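File shown: final-v4.cif (mmCIF, C-alpha atoms and all ligand atoms).
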data_input
loop_
_atom_site.label_atom_id
_atom_site.label_comp_id
_atom_site.auth_asym_id
_atom_site.auth_seq_id
_atom_site.Cartn_x
_atom_site.Cartn_y
_atom_site.Cartn_z
CA MET A 4 69.41 119.88 111.77
CA MET A 5 71.59 122.54 113.43
CA LYS A 6 74.50 120.10 113.33
CA ASN A 7 74.07 119.56 109.58
CA LEU A 8 73.88 123.31 108.99
CA PHE A 9 77.06 123.78 111.00
CA PHE A 10 78.95 121.17 108.97
CA ALA A 11 77.63 122.61 105.70
CA LEU A 12 78.86 126.05 106.78
CA ILE A 13 82.31 124.76 107.72
CA ALA A 14 82.53 122.89 104.42
CA THR A 15 81.50 125.98 102.44
CA ILE A 16 84.05 128.17 104.23
CA SER A 17 86.70 125.54 103.69
CA LEU A 18 86.00 125.21 99.98
CA THR A 19 85.77 128.98 99.52
CA CYS A 20 89.17 129.43 101.15
CA TRP A 21 90.95 126.46 99.62
CA GLY A 22 89.38 125.81 96.24
CA GLN A 23 88.25 122.57 94.75
CA THR A 24 89.50 119.16 95.70
CA GLN A 25 92.00 117.83 93.15
CA VAL A 26 91.99 114.34 91.67
CA VAL A 27 95.11 112.17 91.96
CA ALA A 28 95.08 108.83 90.13
CA HIS A 29 96.52 106.21 92.48
CA ARG A 30 99.34 104.37 90.66
CA GLY A 31 98.03 106.02 87.48
CA TYR A 32 94.68 105.31 85.85
CA TRP A 33 95.39 101.60 85.84
CA LYS A 34 91.79 100.47 85.44
CA ALA A 35 91.74 101.88 81.89
CA PRO A 36 91.96 99.31 79.07
CA GLY A 37 95.48 98.01 78.44
CA SER A 38 96.81 99.71 81.54
CA ALA A 39 98.63 98.41 84.62
CA GLN A 40 99.55 99.92 87.96
CA ASN A 41 102.57 102.20 87.81
CA SER A 42 102.97 101.81 84.06
CA CYS A 43 103.71 104.57 81.56
CA ARG A 44 100.33 103.81 80.03
CA SER A 45 98.55 104.40 83.35
CA LEU A 46 100.19 107.82 83.49
CA ILE A 47 99.11 108.69 79.94
CA LYS A 48 95.60 107.45 80.74
CA ALA A 49 95.42 109.65 83.86
CA ASP A 50 96.36 112.60 81.66
CA SER A 51 93.77 111.63 79.04
CA ILE A 52 90.94 112.09 81.54
CA HIS A 53 92.49 115.33 82.88
CA CYS A 54 93.42 114.24 86.37
CA TRP A 55 95.29 116.90 88.32
CA GLY A 56 97.98 114.42 89.16
CA THR A 57 99.12 110.85 89.07
CA GLU A 58 100.76 108.95 91.91
CA PHE A 59 103.50 106.32 91.56
CA ASP A 60 106.00 104.49 93.77
CA VAL A 61 109.77 104.32 93.43
CA TRP A 62 112.52 101.91 94.52
CA MET A 63 116.21 102.05 93.72
CA SER A 64 118.19 99.00 92.67
CA ARG A 65 121.41 98.31 94.55
CA ASP A 66 123.43 99.75 91.67
CA GLY A 67 121.53 103.03 91.63
CA VAL A 68 118.71 102.85 89.05
CA VAL A 69 115.33 104.14 90.20
CA PHE A 70 112.39 101.97 89.11
CA VAL A 71 108.65 102.59 89.30
CA ASN A 72 106.79 99.79 91.09
CA HIS A 73 104.51 99.49 94.07
CA ASP A 74 105.69 96.25 95.62
CA ALA A 75 109.22 95.68 96.86
CA THR A 76 109.43 92.80 94.39
CA ILE A 77 108.58 92.32 90.75
CA ASN A 78 108.16 88.75 89.51
CA GLY A 79 110.05 87.54 92.59
CA ILE A 80 112.97 89.96 92.21
CA GLU A 81 113.52 92.34 95.13
CA ILE A 82 114.33 95.64 93.47
CA GLN A 83 116.40 97.21 96.27
CA LYS A 84 118.61 94.10 96.48
CA ALA A 85 118.86 93.40 92.73
CA LYS A 86 121.03 94.75 89.93
CA ALA A 87 119.29 97.02 87.44
CA SER A 88 120.02 94.59 84.62
CA GLN A 89 117.88 91.95 86.40
CA VAL A 90 115.00 94.36 87.02
CA ARG A 91 114.90 96.02 83.58
CA THR A 92 113.74 92.88 81.80
CA GLN A 93 110.68 92.40 84.03
CA ARG A 94 107.25 92.99 82.58
CA LEU A 95 104.09 94.44 84.10
CA PRO A 96 100.74 92.63 83.73
CA ASN A 97 99.93 94.71 80.60
CA GLY A 98 103.11 93.55 78.86
CA GLU A 99 105.07 96.79 79.34
CA LEU A 100 108.57 96.54 80.73
CA ILE A 101 108.84 97.93 84.25
CA PRO A 102 109.56 101.66 83.78
CA THR A 103 112.54 103.41 85.27
CA LEU A 104 111.78 106.78 86.81
CA GLU A 105 113.66 108.31 83.90
CA GLN A 106 111.35 106.62 81.38
CA LEU A 107 108.28 107.70 83.33
CA LEU A 108 109.47 111.31 83.34
CA GLN A 109 110.03 111.12 79.59
CA ALA A 110 106.45 109.88 79.21
CA ALA A 111 105.18 112.66 81.49
CA LYS A 112 106.90 115.39 79.48
CA GLY A 113 104.05 115.67 77.02
CA THR A 114 101.33 115.77 79.68
CA THR A 115 100.07 118.42 82.07
CA LEU A 116 100.01 116.08 85.08
CA GLN A 117 101.43 116.83 88.49
CA LEU A 118 103.63 113.91 89.52
CA VAL A 119 103.07 112.54 93.01
CA CYS A 120 106.23 110.53 93.62
CA GLU A 121 106.21 108.10 96.55
CA LEU A 122 109.63 107.22 97.92
CA LYS A 123 109.39 103.69 99.31
CA PRO A 124 111.17 103.00 102.59
CA HIS A 125 114.37 101.08 101.77
CA ASP A 126 115.87 98.61 104.27
CA ASP A 127 119.30 100.22 103.98
CA LYS A 128 118.91 103.87 104.95
CA GLN A 129 122.16 104.81 103.18
CA GLN A 130 120.72 103.37 100.01
CA GLU A 131 117.54 105.36 100.66
CA ALA A 132 119.63 108.52 101.03
CA ARG A 133 121.26 107.77 97.67
CA ALA A 134 117.82 107.16 96.19
CA VAL A 135 116.64 110.59 97.37
CA LYS A 136 119.62 112.26 95.66
CA LYS A 137 119.05 110.29 92.48
CA ILE A 138 115.34 111.11 92.35
CA LEU A 139 115.91 114.83 92.91
CA LYS A 140 118.58 114.80 90.20
CA LEU A 141 116.24 113.17 87.68
CA PHE A 142 113.45 115.71 88.22
CA HIS A 143 116.07 118.45 87.81
CA LYS A 144 117.46 116.84 84.64
CA TYR A 145 114.02 116.79 83.03
CA GLY A 146 113.09 120.32 84.19
CA MET A 147 110.14 118.94 86.13
CA GLU A 148 110.92 120.13 89.64
CA ASP A 149 107.87 122.38 89.61
CA ARG A 150 105.61 119.46 88.69
CA VAL A 151 106.53 117.06 91.47
CA THR A 152 105.10 116.45 94.92
CA TYR A 153 106.90 113.95 97.13
CA ILE A 154 105.20 111.58 99.53
CA THR A 155 106.66 108.89 101.77
CA PHE A 156 106.08 106.59 104.74
CA SER A 157 109.77 106.88 105.61
CA TYR A 158 110.47 109.40 108.38
CA PRO A 159 114.17 109.76 107.42
CA GLY A 160 113.08 110.01 103.79
CA LEU A 161 110.61 112.76 104.66
CA LYS A 162 113.30 114.79 106.38
CA MET A 163 115.81 114.31 103.55
CA LEU A 164 113.27 115.33 100.91
CA ILE A 165 112.27 118.45 102.87
CA GLN A 166 115.93 119.43 103.32
CA GLN A 167 117.18 118.63 99.84
CA ALA A 168 114.33 119.37 97.41
CA PRO A 169 114.25 122.88 95.90
CA ALA A 170 112.53 125.50 98.07
CA GLY A 171 108.77 125.39 97.63
CA THR A 172 108.62 121.67 96.76
CA GLU A 173 105.73 120.04 98.59
CA VAL A 174 106.61 116.98 100.67
CA TYR A 175 103.85 115.03 102.43
CA TYR A 176 104.00 112.31 105.06
CA LEU A 177 101.93 109.14 104.63
CA ASN A 178 102.32 107.56 108.03
CA GLY A 179 99.34 108.85 110.02
CA GLU A 180 101.01 109.23 113.41
CA LEU A 181 102.18 112.85 113.11
CA THR A 182 99.83 115.71 114.02
CA PRO A 183 99.44 118.79 111.82
CA ARG A 184 101.61 120.75 114.25
CA ASP A 185 104.37 118.07 114.07
CA LEU A 186 104.27 118.26 110.27
CA LYS A 187 104.36 122.04 110.27
CA ALA A 188 107.39 122.02 112.59
CA LEU A 189 109.20 119.64 110.22
CA GLY A 190 108.49 121.79 107.18
CA ALA A 191 106.23 119.24 105.50
CA ALA A 192 103.47 120.44 103.17
CA GLY A 193 100.92 118.45 105.17
CA PRO A 194 99.47 115.03 105.87
CA ASP A 195 98.79 112.57 103.06
CA TYR A 196 96.91 110.14 105.27
CA HIS A 197 94.58 107.23 104.92
CA TYR A 198 91.03 108.51 104.67
CA SER A 199 90.11 106.88 108.01
CA VAL A 200 92.68 109.04 109.84
CA PHE A 201 90.92 112.21 108.70
CA ARG A 202 87.57 110.72 109.58
CA HIS A 203 88.88 110.01 113.08
CA HIS A 204 90.54 113.44 113.41
CA SER A 205 88.25 115.59 111.27
CA GLY A 206 89.40 118.69 113.18
CA TRP A 207 92.86 118.19 111.65
CA ILE A 208 91.62 119.32 108.22
CA GLU A 209 90.68 122.79 109.39
CA LEU A 210 93.75 122.95 111.63
CA CYS A 211 95.98 122.12 108.65
CA HIS A 212 94.43 124.91 106.65
CA ARG A 213 94.92 127.36 109.51
CA LEU A 214 98.57 126.30 109.70
CA GLY A 215 98.98 126.75 105.93
CA LEU A 216 99.20 123.00 105.29
CA LYS A 217 97.33 121.03 102.65
CA THR A 218 95.59 117.67 103.07
CA ASN A 219 95.59 114.59 100.87
CA ALA A 220 93.51 111.46 101.59
CA TRP A 221 94.11 107.95 100.20
CA THR A 222 92.89 105.60 98.85
CA VAL A 223 89.34 106.82 98.51
CA ASN A 224 87.33 104.67 96.11
CA LYS A 225 83.70 104.85 97.28
CA ALA A 226 81.35 107.71 96.41
CA GLU A 227 80.25 108.23 100.02
CA GLU A 228 83.85 108.49 101.23
CA MET A 229 84.77 110.82 98.38
CA GLN A 230 81.82 113.07 99.20
CA TRP A 231 82.88 113.23 102.85
CA CYS A 232 86.37 114.36 101.80
CA ILE A 233 84.95 116.94 99.38
CA ASP A 234 82.51 118.29 102.00
CA TRP A 235 85.29 118.64 104.56
CA GLY A 236 87.56 120.48 102.13
CA ILE A 237 90.30 117.87 101.67
CA ASP A 238 92.65 119.37 99.07
CA PHE A 239 93.64 116.20 97.19
CA ILE A 240 92.02 112.79 96.94
CA THR A 241 94.08 109.84 95.75
CA THR A 242 91.83 107.23 94.17
CA ASN A 243 91.61 104.13 92.01
CA GLU A 244 88.35 105.57 90.63
CA PRO A 245 89.30 108.98 89.21
CA GLU A 246 86.30 109.20 86.87
CA LEU A 247 83.83 108.60 89.71
CA LEU A 248 85.51 111.36 91.72
CA GLN A 249 85.41 113.71 88.74
CA GLN A 250 81.66 113.07 88.36
CA LEU A 251 81.08 113.92 92.02
CA LEU A 252 83.18 117.06 91.79
CA ALA A 253 81.25 118.17 88.71
CA GLN A 254 77.93 118.03 90.54
MG MG A 301 101.91 104.72 96.58
#
Turn this file's structure into structure tokens for me.
Ligand code: MG
Amino acid sequence: MMKNLFFALIATISLTCWGQTQVVAHRGYWKAPGSAQNSCRSLIKADSIHCWGTEFDVWMSRDGVVFVNHDATINGIEIQKAKASQVRTQRLPNGELIPTLEQLLQAAKGTTLQLVCELKPHDDKQQEARAVKKILKLFHKYGMEDRVTYITFSYPGLKMLIQQAPAGTEVYYLNGELTPRDLKALGAAGPDYHYSVFRHHSGWIELCHRLGLKTNAWTVNKAEEMQWCIDWGIDFITTNEPELLQQLLAQ
């Protein structure tokens, strides 16, 4: 009883200090009719249900075009090793052509979404460095630098994004091995970790907030797990079930 009261108190303080948990559609709202993961339609659909943000993954072809796709390959073509002309003609399961980052940004122009851009770890780190420059340039070109959050599993990518993105840009690390203090020292905005990492280190949430960091948990699809994140004051939840999360947050 006392334990429950204690946790409720911590959760209330956390929410009072940090505001409501925000909804991030994982690879867009791809479960909507006619949608597909990482498609322009999934972005528009995430906007249509008023998600705070939409997440997507990016790879750069060997000749310097940034594409939006989760897997390293599309229809058997490995994006980082292929020429853009080979990749451009590939279709997603909903029939759309694979979007370039440029096309996705054009689609996002008319929305109010925050864009959670995941840099995928490239085999060739020089190519990854070129990808970082290209990505930053595209957000600048479209005047969307204030609408992007970067996330990555790549440690070199994390450092490059922190160093090279405009001041104030939030960059999160996905690979759960760094502590909040490590992230703070690097200049990251915080951990964007698998939900189970926060469950294992629940003290990290409050520590992050004390350090001025924010927390993002992925990929949280069950109501019970969402509620745990909400109760503990996680700032952002990345989910394949954005409408379920919105219902819980509305309660
Ligand atoms: Mg991703």
What are the closest atom pairs, with distances in Å to one decimal, for all residues of region 88-204 of chain A lying within 12 Å of region 30-49 of chain A? Consider all atoms listed in the file, order rows by chain and residue number, and present the result as CSV.
residue,atom,partner,partner_atom,distance
A:Arg94,CA,A:Ser42,CA,9.9
A:Leu95,CA,A:Ala39,CA,6.8
A:Pro96,CA,A:Ala39,CA,6.2
A:Asn97,CA,A:Ala39,CA,5.6
A:Gly98,CA,A:Ala39,CA,8.8
A:Glu99,CA,A:Ser42,CA,7.2
A:Leu100,CA,A:Ser42,CA,8.4
A:Ile101,CA,A:Ser42,CA,7.0
A:Pro102,CA,A:Ser42,CA,6.6
A:Thr103,CA,A:Cys43,CA,9.6
A:Leu104,CA,A:Cys43,CA,9.9
A:Glu105,CA,A:Cys43,CA,10.9
A:Gln106,CA,A:Cys43,CA,7.9
A:Leu107,CA,A:Cys43,CA,5.8
A:Leu108,CA,A:Cys43,CA,9.0
A:Gln109,CA,A:Cys43,CA,9.3
A:Ala110,CA,A:Cys43,CA,6.4
A:Ala111,CA,A:Leu46,CA,7.2
A:Lys112,CA,A:Ile47,CA,10.3
A:Gly113,CA,A:Ile47,CA,9.0
A:Thr114,CA,A:Ile47,CA,7.4
A:Thr115,CA,A:Ile47,CA,10.0
A:Leu116,CA,A:Ala49,CA,8.0
A:Gln117,CA,A:Leu46,CA,10.4
A:Leu118,CA,A:Leu46,CA,9.2
A:Val119,CA,A:Arg30,CA,9.3
A:Cys120,CA,A:Arg30,CA,9.7
A:Glu121,CA,A:Arg30,CA,9.8
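Proximity of A:Ile82, A:Val90, A:Leu122, A:Val200 to Glu180 (chain A), computed with only C-alpha atoms, is greatest for A:Val200.
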Two-atom distance - CA of Lys217 (chain A), CA of Glu148 (chain A) (Å):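 Value for the CA of Lys217 (chain A)-CA of Glu148 (chain A) distance: 18.8 Å.
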Nearest-residue call for ligand MG 301 (chain A), choices A:His212, A:His29, A:Lys187, A:His203, using only C-alpha atoms and all ligand atoms: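 Smallest distance to ligand MG 301 (chain A) is found for A:His29.
Counting from CA of Thr242 (chain A), the distance to CA of Thr172 (chain A) is 22.3 Å.
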Selection: 6 Å around Val61 (chain A), all atoms listed in the file, excl. self and same-chain fewer than 3 positions, as a ChimeraX atom specification: /A:70-72,122-123
Just to be explicit: take each residue in the selection above, keep C-alpha atoms, and write the result as a compact mmCIF listing (two decimals), keeping the file's coordinate frame.
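As written to disk, result35.txt reads:
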# COMPACT_ATOMS: atom_id res chain seq x y z
CA PHE A 70 112.39 101.97 89.11
CA VAL A 71 108.65 102.59 89.30
CA ASN A 72 106.79 99.79 91.09
CA LEU A 122 109.63 107.22 97.92
CA LYS A 123 109.39 103.69 99.31
Which residue of A:Val151, A:Ile237, A:Ala170, A:Met63 approaches Glu209 (chain A) most closely, using all atoms listed in the file: A:Ile237
Closest of A:His73, A:Lys86, A:Lys225, A:Arg150 to ligand MG 301 (chain A) - atom-to-atom distances counting all atoms listed in the file: A:His73
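Among A:Pro124, A:Gly215, A:Pro245, A:Pro169, the residue with the shortest atom-to-atom distance to Pro194 (chain A), counting all atoms listed in the file, is A:Gly215.
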Local residues around (108.9, 107.6, 100.6), at most 10 Å away, using only C-alpha atoms, as a PyMOL selection string: chain A and resi 60-62+120-125+131+134-135+153-161+164+174-178
Point-to-point distance from CA of Thr76 (chain A) to CA of Thr241 (chain A), Å rounded to tenths: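 Interatomic distance, CA of Thr76 (chain A) to CA of Thr241 (chain A): 23.0 Å.
Among the candidates A:Glu58, A:Gly67, A:Asp149, A:Ala226, the residue lying nearest to ligand MG 301 (chain A) is A:Glu58 (atoms considered: all atoms listed in the file).
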Selection: 10 Å around Ile208 (chain A), only C-alpha atoms, excl. self and same-chain fewer than 2 positions, as a PyMOL selection string: chain A and resi 17+183+193-194+201-202+204-206+210-214+216-219+232+235-238
Dump region 136-208 of chain A with C-alpha atoms to a file, as a tab-separated table (two decimals), in the first residue's frame.
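Below you can see result-v6.tsv, which holds the result:
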chain	number	residue	atom	x	y	z
A	136	LYS	CA	26.08	15.86	-43.67
A	137	LYS	CA	23.50	15.11	-46.34
A	138	ILE	CA	20.68	14.65	-43.83
A	139	LEU	CA	21.50	17.87	-41.98
A	140	LYS	CA	21.63	19.71	-45.30
A	141	LEU	CA	18.20	18.45	-46.34
A	142	PHE	CA	16.52	19.53	-43.10
A	143	HIS	CA	18.18	22.93	-43.56
A	144	LYS	CA	17.05	23.15	-47.20
A	145	TYR	CA	13.43	22.56	-46.22
A	146	GLY	CA	13.54	24.89	-43.20
A	147	MET	CA	12.68	22.01	-40.90
A	148	GLU	CA	15.62	22.03	-38.52
A	149	ASP	CA	13.36	22.99	-35.63
A	150	ARG	CA	11.07	20.04	-36.33
A	151	VAL	CA	13.62	17.23	-36.27
A	152	THR	CA	14.89	14.98	-33.52
A	153	TYR	CA	17.71	12.59	-34.40
A	154	ILE	CA	18.07	9.09	-33.03
A	155	THR	CA	20.65	6.41	-33.78
A	156	PHE	CA	22.22	3.14	-32.67
A	157	SER	CA	25.54	4.29	-34.14
A	158	TYR	CA	27.93	5.70	-31.54
A	159	PRO	CA	30.01	7.59	-34.16
A	160	GLY	CA	26.75	8.77	-35.72
A	161	LEU	CA	25.53	10.03	-32.35
A	162	LYS	CA	28.68	12.06	-31.84
A	163	MET	CA	28.61	13.51	-35.36
A	164	LEU	CA	24.96	14.52	-35.05
A	165	ILE	CA	25.56	16.19	-31.68
A	166	GLN	CA	28.56	18.09	-33.06
A	167	GLN	CA	27.13	19.08	-36.42
A	168	ALA	CA	23.39	19.66	-35.93
A	169	PRO	CA	22.32	23.24	-35.13
A	170	ALA	CA	22.53	24.16	-31.43
A	171	GLY	CA	19.46	22.98	-29.55
A	172	THR	CA	18.75	20.01	-31.84
A	173	GLU	CA	17.85	16.96	-29.77
A	174	VAL	CA	19.90	13.83	-30.47
A	175	TYR	CA	19.05	10.58	-28.67
A	176	TYR	CA	20.93	7.31	-28.42
A	177	LEU	CA	19.11	4.02	-29.03
A	178	ASN	CA	21.69	1.53	-27.87
A	179	GLY	CA	20.84	0.95	-24.20
A	180	GLU	CA	24.36	0.59	-22.83
A	181	LEU	CA	25.03	4.25	-21.93
A	182	THR	CA	23.93	5.62	-18.55
A	183	PRO	CA	22.16	8.97	-18.22
A	184	ARG	CA	25.41	10.51	-16.97
A	185	ASP	CA	27.31	9.16	-20.03
A	186	LEU	CA	24.67	10.67	-22.31
A	187	LYS	CA	24.74	14.00	-20.51
A	188	ALA	CA	28.55	14.13	-20.81
A	189	LEU	CA	28.27	13.53	-24.57
A	190	GLY	CA	25.71	16.27	-25.04
A	191	ALA	CA	22.89	13.92	-26.04
A	192	ALA	CA	19.29	14.90	-25.31
A	193	GLY	CA	18.75	11.60	-23.51
A	194	PRO	CA	18.14	7.88	-23.89
A	195	ASP	CA	15.73	6.54	-26.50
A	196	TYR	CA	15.84	2.99	-25.17
A	197	HIS	CA	13.87	-0.18	-25.46
A	198	TYR	CA	11.09	-0.15	-22.89
A	199	SER	CA	12.67	-3.08	-21.02
A	200	VAL	CA	15.81	-1.02	-20.29
A	201	PHE	CA	13.75	1.57	-18.42
A	202	ARG	CA	11.87	-1.16	-16.62
A	203	HIS	CA	15.20	-2.62	-15.50
A	204	HIS	CA	16.66	0.79	-14.58
A	205	SER	CA	13.53	2.68	-13.54
A	206	GLY	CA	15.69	5.07	-11.48
A	207	TRP	CA	17.19	6.34	-14.74
A	208	ILE	CA	13.97	8.16	-15.64
